[in-house]
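J.: Supplied in structure tokens, the structure appears directly below.
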Amino acid sequence: MPMTIYKFAVCENQEWIVPVSAEDFETFFAMDGRAIQGWAPPVMTMLEADHGAEEPSYSDFPWLGEHAPILKKPAVEALAPVLTRYGQLMPLKGEDVWLFNVTNVLDALDKERSSIVYFDDGDILDIERYVFKVEIIGSAEIFKLPTRGSPVFVTDGFVTRVRDLGMRGVSFAPLWTSGE
């Protein structure tokens, strides 16, 4: 059976959330798959619509970035059993939201078959086309790659679960399907 790998994607008119202090953006970007001990939750705020712009629609997953899923209480309550198998739900301040820190790190990128742009020092700058190793992913529904700022990747099972639960304001971009 084919497997499709997705990453979180921003959707039209989605709510956005940001740290109040610009220095706290690094907290989210630096998450590398390790469990966080001694969590000092950043203060977050929902972004307001620009003057004259349409108000954002409600989102169970306010957007911060593909590397740091943020969830509101209904999403946490519905998805906690699966999420906690793959990471930590970390409370944030200022809004009633949680960060999902993915600790399931899999070296599942097929670097030879993917299209990768590298920095001069050999670190990955961008991945233009993903190819994954299905045997390494196995039955995992959620994972990150062992690179700084890795997006959170999810499989068909997780996407189906989120859709079946009627979660709003969340989107997934398909990146790769096995056998293609």
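Letters for chains follow the order of the structure tokens (A, B, ...), residue numbers begin at 1 for each chain, and ligand numbers begin at 1 in the order shown.
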Pro146 in chain A: which residues within 8 Å, counting only C-alpha atoms, same-chain residues fewer than 2 positions away excluded, as a list in words?

T.: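 Within the cut-off, the hits are Asp32, Gly33, Val105, Leu106, Asp107, Lys144, Arg148 and Ser150 of chain A.
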
J.: Got a sec to tell me which of range 24-77 of chain A DSSP assigns to strand (DSSP E), as a list of chain:residue names?

T.: A:Met44, A:Thr45, A:Met46, A:Ile70, A:Leu71, A:Lys72

J.: Keeping only N, CA and C atoms, write those residues as a short mmCIF file (atom, residue, chain, number, x, y, z; two decimals), in the first residue's frame.

T.:
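Contents of out-v2.cif, freshly written:
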data_model
loop_
_atom_site.label_atom_id
_atom_site.label_comp_id
_atom_site.auth_asym_id
_atom_site.auth_seq_id
_atom_site.Cartn_x
_atom_site.Cartn_y
_atom_site.Cartn_z
N MET A 44 2.81 34.14 23.86
CA MET A 44 2.37 34.17 22.46
C MET A 44 1.20 35.13 22.30
N THR A 45 1.00 35.58 21.07
CA THR A 45 -0.16 36.40 20.76
C THR A 45 -0.67 36.06 19.37
N MET A 46 -1.99 36.07 19.22
CA MET A 46 -2.59 35.86 17.91
C MET A 46 -2.43 37.17 17.12
N ILE A 70 1.37 24.42 16.48
CA ILE A 70 0.71 25.00 17.65
C ILE A 70 -0.73 24.52 17.62
N LEU A 71 -1.26 24.12 18.77
CA LEU A 71 -2.61 23.57 18.83
C LEU A 71 -3.43 24.27 19.90
N LYS A 72 -4.69 24.49 19.60
CA LYS A 72 -5.64 24.98 20.59
C LYS A 72 -6.20 23.78 21.37
#

J.: Could you tell me, as a PyMOL selection string, which residues of range 8-179 of chain A DSSP assigns to alpha helix (DSSP H) when given the backbone?

T.: chain A and resi 25-29+73-86+134-137+156-164

J.: How would the residues just picked look written out with N, CA and C atoms as an mmCIF file, in the first residue's frame?

T.:
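Written out: result_6.cif:
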data_model
loop_
_atom_site.group_PDB
_atom_site.id
_atom_site.type_symbol
_atom_site.label_atom_id
_atom_site.label_comp_id
_atom_site.auth_asym_id
_atom_site.auth_seq_id
_atom_site.Cartn_x
_atom_site.Cartn_y
_atom_site.Cartn_z
ATOM 1 N N PHE A 25 11.514 33.532 18.772
ATOM 2 C CA PHE A 25 11.427 32.780 17.516
ATOM 3 C C PHE A 25 12.511 31.709 17.467
ATOM 4 N N GLU A 26 13.692 32.026 17.984
ATOM 5 C CA GLU A 26 14.800 31.059 17.983
ATOM 6 C C GLU A 26 14.457 29.828 18.813
ATOM 7 N N THR A 27 13.691 29.985 19.873
ATOM 8 C CA THR A 27 13.267 28.842 20.689
ATOM 9 C C THR A 27 12.574 27.801 19.823
ATOM 10 N N PHE A 28 11.715 28.256 18.938
ATOM 11 C CA PHE A 28 10.955 27.346 18.084
ATOM 12 C C PHE A 28 11.806 26.783 16.944
ATOM 13 N N PHE A 29 12.633 27.613 16.357
ATOM 14 C CA PHE A 29 13.447 27.158 15.229
ATOM 15 C C PHE A 29 14.510 26.161 15.675
ATOM 16 N N LYS A 73 -6.884 24.090 22.451
ATOM 17 C CA LYS A 73 -7.363 23.062 23.376
ATOM 18 C C LYS A 73 -8.179 21.949 22.708
ATOM 19 N N PRO A 74 -9.144 22.238 21.800
ATOM 20 C CA PRO A 74 -9.895 21.131 21.184
ATOM 21 C C PRO A 74 -8.995 20.153 20.423
ATOM 22 N N ALA A 75 -7.969 20.654 19.763
ATOM 23 C CA ALA A 75 -7.052 19.779 19.032
ATOM 24 C C ALA A 75 -6.204 18.964 20.000
ATOM 25 N N VAL A 76 -5.747 19.587 21.078
ATOM 26 C CA VAL A 76 -4.959 18.869 22.087
ATOM 27 C C VAL A 76 -5.794 17.750 22.693
ATOM 28 N N GLU A 77 -7.029 18.066 23.073
ATOM 29 C CA GLU A 77 -7.882 17.056 23.694
ATOM 30 C C GLU A 77 -8.161 15.889 22.749
ATOM 31 N N ALA A 78 -8.374 16.175 21.492
ATOM 32 C CA ALA A 78 -8.704 15.123 20.527
ATOM 33 C C ALA A 78 -7.491 14.316 20.081
ATOM 34 N N LEU A 79 -6.333 14.955 20.009
ATOM 35 C CA LEU A 79 -5.161 14.304 19.411
ATOM 36 C C LEU A 79 -4.070 13.909 20.401
ATOM 37 N N ALA A 80 -4.204 14.262 21.673
ATOM 38 C CA ALA A 80 -3.149 13.976 22.659
ATOM 39 C C ALA A 80 -2.705 12.520 22.672
ATOM 40 N N PRO A 81 -3.608 11.535 22.583
ATOM 41 C CA PRO A 81 -3.138 10.144 22.627
ATOM 42 C C PRO A 81 -2.139 9.798 21.519
ATOM 43 N N VAL A 82 -2.338 10.315 20.323
ATOM 44 C CA VAL A 82 -1.382 10.029 19.249
ATOM 45 C C VAL A 82 -0.176 10.958 19.326
ATOM 46 N N LEU A 83 -0.386 12.221 19.636
ATOM 47 C CA LEU A 83 0.726 13.174 19.669
ATOM 48 C C LEU A 83 1.770 12.788 20.714
ATOM 49 N N THR A 84 1.328 12.364 21.884
ATOM 50 C CA THR A 84 2.276 12.059 22.957
ATOM 51 C C THR A 84 3.103 10.805 22.690
ATOM 52 N N ARG A 85 2.748 10.027 21.686
ATOM 53 C CA ARG A 85 3.606 8.907 21.268
ATOM 54 C C ARG A 85 4.818 9.406 20.491
ATOM 55 N N TYR A 86 4.714 10.617 19.936
ATOM 56 C CA TYR A 86 5.754 11.137 19.047
ATOM 57 C C TYR A 86 6.406 12.424 19.536
ATOM 58 N N VAL A 134 10.837 4.332 3.247
ATOM 59 C CA VAL A 134 9.641 3.787 3.896
ATOM 60 C C VAL A 134 10.008 2.835 5.027
ATOM 61 N N GLU A 135 11.055 2.059 4.828
ATOM 62 C CA GLU A 135 11.428 1.077 5.847
ATOM 63 C C GLU A 135 11.876 1.729 7.150
ATOM 64 N N ILE A 136 12.377 2.940 7.091
ATOM 65 C CA ILE A 136 12.769 3.654 8.307
ATOM 66 C C ILE A 136 11.553 4.297 8.965
ATOM 67 N N ILE A 137 10.619 4.805 8.176
ATOM 68 C CA ILE A 137 9.408 5.427 8.729
ATOM 69 C C ILE A 137 8.530 4.367 9.388
ATOM 70 N N ASP A 156 -0.308 9.535 6.031
ATOM 71 C CA ASP A 156 -1.740 9.462 5.701
ATOM 72 C C ASP A 156 -2.610 9.256 6.936
ATOM 73 N N GLY A 157 -2.172 8.356 7.826
ATOM 74 C CA GLY A 157 -2.980 8.039 9.009
ATOM 75 C C GLY A 157 -3.270 9.252 9.854
ATOM 76 N N PHE A 158 -2.268 10.096 10.063
ATOM 77 C CA PHE A 158 -2.468 11.292 10.874
ATOM 78 C C PHE A 158 -3.370 12.290 10.153
ATOM 79 N N VAL A 159 -3.131 12.494 8.871
ATOM 80 C CA VAL A 159 -3.953 13.433 8.093
ATOM 81 C C VAL A 159 -5.415 12.982 8.122
ATOM 82 N N THR A 160 -5.658 11.708 7.926
ATOM 83 C CA THR A 160 -7.027 11.171 7.968
ATOM 84 C C THR A 160 -7.648 11.386 9.337
ATOM 85 N N ARG A 161 -6.881 11.139 10.387
ATOM 86 C CA ARG A 161 -7.375 11.323 11.763
ATOM 87 C C ARG A 161 -7.800 12.777 11.991
ATOM 88 N N VAL A 162 -6.962 13.722 11.584
ATOM 89 C CA VAL A 162 -7.270 15.154 11.771
ATOM 90 C C VAL A 162 -8.528 15.528 10.992
ATOM 91 N N ARG A 163 -8.635 15.050 9.774
ATOM 92 C CA ARG A 163 -9.813 15.368 8.944
ATOM 93 C C ARG A 163 -11.072 14.718 9.504
ATOM 94 N N ASP A 164 -10.969 13.456 9.948
ATOM 95 C CA ASP A 164 -12.129 12.758 10.507
ATOM 96 C C ASP A 164 -12.627 13.411 11.788
#

J.: Residues within 6 Å of range 118-133 of chain A, please, as a short mmCIF file (atom, residue, chain, number, x, y, z; two decimals) with C-alpha atoms, in the first residue's frame. Count only C-alpha atoms; anything in the same chain fewer than 5 positions from it doesn't count.

T.:
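The resulting file, around23.cif, is reproduced below:
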data_model
loop_
_atom_site.label_atom_id
_atom_site.label_comp_id
_atom_site.auth_asym_id
_atom_site.auth_seq_id
_atom_site.Cartn_x
_atom_site.Cartn_y
_atom_site.Cartn_z
CA ALA A 108 14.40 8.74 6.68
CA LEU A 109 15.44 11.09 3.88
CA ASP A 110 16.87 9.31 0.85
#

J.: Env of Pro151 in chain A: 10 Å cut, atoms = only C-alpha atoms, seq-sep filter 6 positions within chain, self excluded. Answer as a list in words.

T.: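 Within the cut-off, the hits are Tyr6, Lys7, Phe8, Ala9, Phe29, Gly65, Glu66, His67, Ala68, Pro69, Val102, Phe143, Lys144 and Leu145 of chain A.
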
J.: In Å, with one decimal, what is the gap from CA of Asp24 in chain A to CA of Gln88 in chain A?

T.: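 Distance reported for this atom pair: 18.3 Å.
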
J.: As a count of residues only, please: the residues near range 56-59 of chain A (cut-off 7 Å, only C-alpha atoms, same-chain neighbours under 4 positions excluded).

T.: 7

J.: Measuring atom to atom with only C-alpha atoms, identify which of A:Val10, A:Met90, A:Met3, A:Ala173 is nearest to Gly38 in chain A.

T.: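 Between A:Val10, A:Met90, A:Met3, A:Ala173, the residue approaching Gly38 in chain A most closely is A:Met90.
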
J.: Counting only C-alpha atoms, what is within 7 Å of Trp16 in chain A, bar same-chain residues fewer than 2 positions away, as a short mmCIF file (atom, residue, chain, number, x, y, z; two decimals) with N, CA and C atoms, in the first residue's frame?

T.:
data_model
loop_
_atom_site.label_atom_id
_atom_site.label_comp_id
_atom_site.auth_asym_id
_atom_site.auth_seq_id
_atom_site.Cartn_x
_atom_site.Cartn_y
_atom_site.Cartn_z
N GLN A 14 -5.93 31.47 7.59
CA GLN A 14 -5.65 30.78 8.84
C GLN A 14 -5.20 31.78 9.90
N VAL A 18 2.31 34.28 17.07
CA VAL A 18 3.73 34.59 17.14
C VAL A 18 4.13 34.85 18.59
N MET A 46 -1.99 36.07 19.22
CA MET A 46 -2.59 35.86 17.91
C MET A 46 -2.43 37.17 17.12
N LEU A 47 -2.07 37.04 15.85
CA LEU A 47 -1.95 38.24 15.01
C LEU A 47 -3.33 38.75 14.63
N PRO A 62 -3.30 27.25 14.99
CA PRO A 62 -2.80 28.56 14.53
C PRO A 62 -1.39 28.42 13.98
N TRP A 63 -1.09 29.14 12.91
CA TRP A 63 0.16 28.97 12.18
C TRP A 63 1.32 29.73 12.81
N LEU A 64 2.39 29.01 13.10
CA LEU A 64 3.68 29.60 13.45
C LEU A 64 4.71 29.17 12.42
#

J.: For Phe153 in chain A, which residue out of A:Pro19, A:Gly166, A:Pro174, A:Pro42 is the nearest one, using only C-alpha atoms?

T.: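 Using only C-alpha atoms, the shortest distance to Phe153 in chain A belongs to A:Pro174.
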